[in-house]
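*Asks:* The structure file upload-v6.cif (mmCIF, C-alpha atoms) is provided below.
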data_model
#
loop_
_atom_site.label_atom_id
_atom_site.label_comp_id
_atom_site.auth_asym_id
_atom_site.auth_seq_id
_atom_site.Cartn_x
_atom_site.Cartn_y
_atom_site.Cartn_z
CA MET A 30 0.00 0.00 0.00
CA LEU A 31 1.26 3.44 -0.90
CA SER A 32 1.94 6.07 1.73
CA ILE A 33 0.43 9.56 1.56
CA GLY A 34 3.88 10.90 0.64
CA GLN A 35 4.21 8.45 -2.26
CA ILE A 36 0.74 9.38 -3.50
CA LEU A 37 1.69 13.07 -3.34
CA ALA A 38 4.88 12.33 -5.28
CA PHE A 39 2.86 10.60 -8.02
CA ALA A 40 0.38 13.49 -7.97
CA ALA A 41 3.27 15.94 -8.43
CA ALA A 42 4.55 13.98 -11.41
CA ALA A 43 1.08 13.76 -12.92
CA LEU A 44 0.27 17.44 -12.42
CA SER A 45 3.62 18.49 -13.83
CA THR A 46 2.88 16.63 -17.04
CA LEU A 47 -0.83 17.47 -17.21
CA ILE A 48 -0.81 21.20 -16.58
CA ALA A 49 2.33 22.14 -18.51
CA GLY A 50 1.26 19.76 -21.28
CA TYR A 51 -2.22 21.25 -21.45
CA GLY A 52 -0.75 24.75 -21.72
CA SER A 53 1.49 23.64 -24.57
CA ALA A 54 -1.31 21.79 -26.37
CA LYS A 55 -3.55 24.82 -26.13
CA ALA A 56 -0.74 27.12 -27.28
CA VAL A 57 0.31 24.97 -30.22
CA GLY A 58 -3.34 24.83 -31.24
CA LEU A 59 -3.70 28.61 -31.10
CA ALA A 60 -0.53 29.09 -33.13
CA GLY A 61 -1.73 26.44 -35.57
CA GLN A 62 -4.92 28.37 -36.20
CA THR A 63 -2.91 31.45 -37.12
CA SER A 64 -0.56 29.36 -39.24
CA ALA A 65 -3.48 27.94 -41.19
CA GLY A 66 -4.85 31.38 -41.90
CA VAL A 67 -1.51 32.84 -42.96
CA SER A 68 -0.69 29.78 -45.09
CA THR A 69 -3.98 30.18 -46.92
CA GLU A 70 -2.96 33.70 -47.94
CA ASN A 71 0.72 32.93 -48.54
CA PRO A 72 1.45 29.18 -48.94
CA GLU A 73 5.17 29.77 -49.62
CA VAL A 74 5.82 30.64 -45.95
CA ASN A 75 4.27 27.47 -44.51
CA SER A 76 7.62 25.87 -43.56
CA LYS A 77 8.72 29.05 -41.76
CA LEU A 78 5.46 29.07 -39.81
CA MET A 79 5.93 25.48 -38.62
CA VAL A 80 8.92 26.51 -36.48
CA LEU A 81 6.84 29.23 -34.85
CA GLN A 82 4.00 26.79 -34.17
CA ILE A 83 6.31 24.22 -32.57
CA LEU A 84 7.99 26.60 -30.10
CA PRO A 85 5.08 26.89 -27.60
CA GLY A 86 5.16 23.09 -27.25
CA THR A 87 8.38 23.01 -25.27
CA GLN A 88 6.74 23.84 -21.94
CA GLY A 89 4.91 20.51 -22.05
CA ILE A 90 8.25 18.79 -22.53
CA TYR A 91 9.62 20.65 -19.49
CA GLY A 92 6.71 19.47 -17.33
CA PHE A 93 7.21 15.90 -18.54
CA LEU A 94 10.95 16.13 -17.76
CA ILE A 95 10.23 17.16 -14.17
CA ALA A 96 7.75 14.26 -13.86
CA VAL A 97 10.40 11.81 -15.05
CA ILE A 98 12.91 13.19 -12.54
CA ILE A 99 10.38 12.76 -9.73
CA LEU A 100 9.69 9.17 -10.83
CA VAL A 101 13.42 8.42 -11.04
CA ASN A 102 14.14 10.00 -7.65
CA THR A 103 11.32 8.05 -5.97
CA GLY A 104 12.46 4.78 -7.55
CA ALA A 105 9.12 4.32 -9.31
CA LEU A 106 10.76 3.70 -12.69
CA SER A 107 13.16 1.10 -11.35
CA GLY A 108 10.42 -0.81 -9.54
CA ASN A 109 12.05 -0.11 -6.18
CA LEU A 110 9.77 2.57 -4.75
CA LYS A 111 11.43 4.53 -1.95
CA ASP A 112 9.72 5.67 1.22
CA VAL A 113 8.33 9.18 0.80
CA ASP A 114 6.97 10.82 3.92
CA LEU A 115 4.21 13.43 4.00
CA LEU A 116 6.59 16.40 4.16
CA GLN A 117 8.64 15.12 1.22
CA GLY A 118 5.46 14.62 -0.81
CA VAL A 119 4.32 18.16 -0.05
CA MET A 120 7.80 19.45 -0.95
CA LEU A 121 7.56 17.72 -4.34
CA LEU A 122 4.14 19.29 -4.95
CA VAL A 123 5.61 22.72 -4.16
CA ALA A 124 8.67 22.02 -6.30
CA ILE A 125 6.59 21.55 -9.45
CA LEU A 126 4.86 24.93 -9.11
CA PRO A 127 7.37 26.91 -11.21
CA VAL A 128 7.27 24.55 -14.20
CA VAL A 129 3.51 24.14 -13.90
CA VAL A 130 2.46 27.77 -13.47
CA VAL A 131 5.10 29.46 -15.61
CA GLY A 132 4.99 26.60 -18.11
CA TYR A 133 1.25 26.92 -18.62
CA LEU A 134 1.19 30.70 -18.79
CA SER A 135 4.33 31.16 -20.85
CA ALA A 136 3.09 28.65 -23.44
CA ILE A 137 -0.05 30.73 -23.94
CA HIS A 138 1.90 34.00 -24.15
CA GLN A 139 4.45 32.41 -26.44
CA ALA A 140 1.64 31.34 -28.77
CA LYS A 141 0.43 34.94 -28.93
CA VAL A 142 3.90 36.17 -29.85
CA ALA A 143 4.32 33.32 -32.35
CA SER A 144 0.96 34.18 -33.92
CA ALA A 145 1.94 37.82 -34.27
CA GLY A 146 5.24 36.68 -35.79
CA MET A 147 3.35 34.50 -38.26
CA LEU A 148 1.33 37.50 -39.41
CA MET A 149 4.58 39.41 -39.84
CA VAL A 150 6.17 36.56 -41.83
CA GLY A 151 3.07 36.30 -44.01
CA GLN A 152 3.61 39.90 -45.09
CA HIS A 153 7.43 39.89 -44.97
CA PRO A 154 8.86 36.34 -45.34
CA ASP A 155 12.40 37.66 -44.85
CA MET A 156 11.53 38.55 -41.22
CA SER A 157 11.12 34.94 -40.04
CA GLY A 158 14.35 35.10 -38.03
CA LYS A 159 13.05 38.11 -36.11
CA ALA A 160 9.72 36.39 -35.51
CA ILE A 161 11.50 33.32 -34.13
CA THR A 162 13.74 35.48 -31.91
CA MET A 163 10.73 37.30 -30.46
CA THR A 164 9.00 33.98 -29.78
CA VAL A 165 12.09 32.45 -28.17
CA MET A 166 12.38 35.40 -25.78
CA VAL A 167 9.25 34.15 -23.98
CA GLU A 168 10.91 30.72 -23.72
CA THR A 169 13.56 32.18 -21.40
CA TYR A 170 11.12 32.26 -18.51
CA ALA A 171 9.93 28.72 -19.12
CA VAL A 172 13.55 27.56 -19.01
CA LEU A 173 14.12 29.43 -15.73
CA ALA A 174 11.00 27.80 -14.28
CA LEU A 175 12.26 24.38 -15.43
CA LEU A 176 15.58 25.04 -13.72
CA ALA A 177 13.88 26.17 -10.50
CA SER A 178 11.67 23.07 -10.39
CA PHE A 179 14.62 20.84 -11.27
CA LEU A 180 16.69 22.25 -8.41
CA MET A 181 13.83 21.99 -5.91
CA VAL A 182 12.86 18.45 -6.90
CA ASN A 183 16.46 17.33 -6.52
CA ALA A 184 16.74 19.11 -3.16
CA VAL A 185 14.11 16.74 -1.73
CA LYS A 186 16.20 13.98 -0.15
CA LEU A 187 14.44 10.65 -0.43
#
How does the structure come out when it is put into structure tokens?
*Replies:*
Amino acid sequence: MLSIGQILAFAAAALSTLIAGYGSAKAVGLAGQTSAGVSTENPEVNSKLMVLQILPGTQGIYGFLIAVIILVNTGALSGNLKDVDLLQGVMLLVAILPVVVVGYLSAIHQAKVASAGMLMVGQHPDMSGKAITMTVMVETYAVLALLASFLMVNAVKL
């Protein structure tokens, strides 16, 4: 039978994947809608728009990465589940907050920037590099949130 701490650790892994992943799925969908519209008007830029659509999907990957680290640290992936007490479980739930909150929100904001960049590229295909740079700037904060969650998850001694 699982302890409350182990259940909280699994919940942290699940929420990390679910919430950051949902933000990325929603964001990639929003960017895809813009891409479809721009491609209809200017089909030659479709390949340039694909890069902009993909970028908001990275936050979901970051959430999944934190989930894997939690599962590795708890021994769940090796089949040798470690003891996780209540405090450690709560600490893992807190540790996912940066990647979950910033991951979700930054994916949505990154999709908005990517969509604006797509409109720019539709009118000026030579500006795709600038559109990508603007979109990647939002990524900086998702990476910082990933790093914060990574450090906190690994600070929980199991």
*Asks:* Which of these, A:Ala160, A:Leu115, A:Ala65, A:Ala184, has the shortest distance to Lys141 of chain A once you count only C-alpha atoms?
*Replies:*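 Of A:Ala160, A:Leu115, A:Ala65, A:Ala184, the one nearest Lys141 of chain A is A:Ala160, counting only C-alpha atoms.
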*Asks:* Pull out every residue that the PyMOL selection byres ((chain A and resi 180) around 12) matches in the shown coordinates and put them as a PyMOL selection string.
*Replies:* chain A and resi 95+98-99+120-121+123-125+127-128+173-179+181-186
*Asks:* Return as a PyMOL selection string the set of residues that the PyMOL selection byres ((chain A and resi 149) around 12) yields on the displayed structure.
*Replies:* chain A and resi 63-64+67+71+74+77-78+81+142-148+150-161+163
*Asks:* Given the file above and the PyMOL selection byres ((chain A and resi 137) around 12), which residues are selected, and can you give them as a PyMOL selection string?
*Replies:* chain A and resi 49-60+82+84-89+130-136+138-144+164+167-168+171
*Asks:* Could you work out how far atom CA of Val165 of chain A lies from atom CA of Leu100 of chain A, giving the answer in Å with one decimal?
*Replies:*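 Taking atom CA of Leu100 of chain A as the start and atom CA of Val165 of chain A as the end point, the length is 29.1 Å.
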*Asks:* Between A:Leu116, A:Leu106, A:Ile90, A:Leu122, which residue has the minimum interatomic distance to Leu187 of chain A, considering all atoms listed in the file?
*Replies:*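 For Leu187 of chain A, the nearest of the candidates is A:Leu116.
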*Asks:* Which value, in Å to one decimal, gives the distance between atom CA of Pro72 of chain A and atom CA of Met166 of chain A?
*Replies:*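 Distance between the two atoms: 26.4 Å.
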*Asks:* Using only C-alpha atoms for the distances, tell me which of A:Gly92, A:Gly108, A:Gly66, A:Gly61 is nearest to Ala43 of chain A.
*Replies:*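 So, comparing all the options, the nearest one is A:Gly92.
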*Asks:* For a test of reading the model, state the distance in Å between atom CA of Val113 of chain A and atom CA of Gln35 of chain A, rounded to one decimal.
*Replies:* 5.2 Å
*Asks:* Hey, can you pull every residue with an atom no more than 12 Å from (9.4, 5.7, -3.3), using only C-alpha atoms, and send it as a ChimeraX atom specification?
*Replies:* /A:30-39,99-115,117-118,186-187
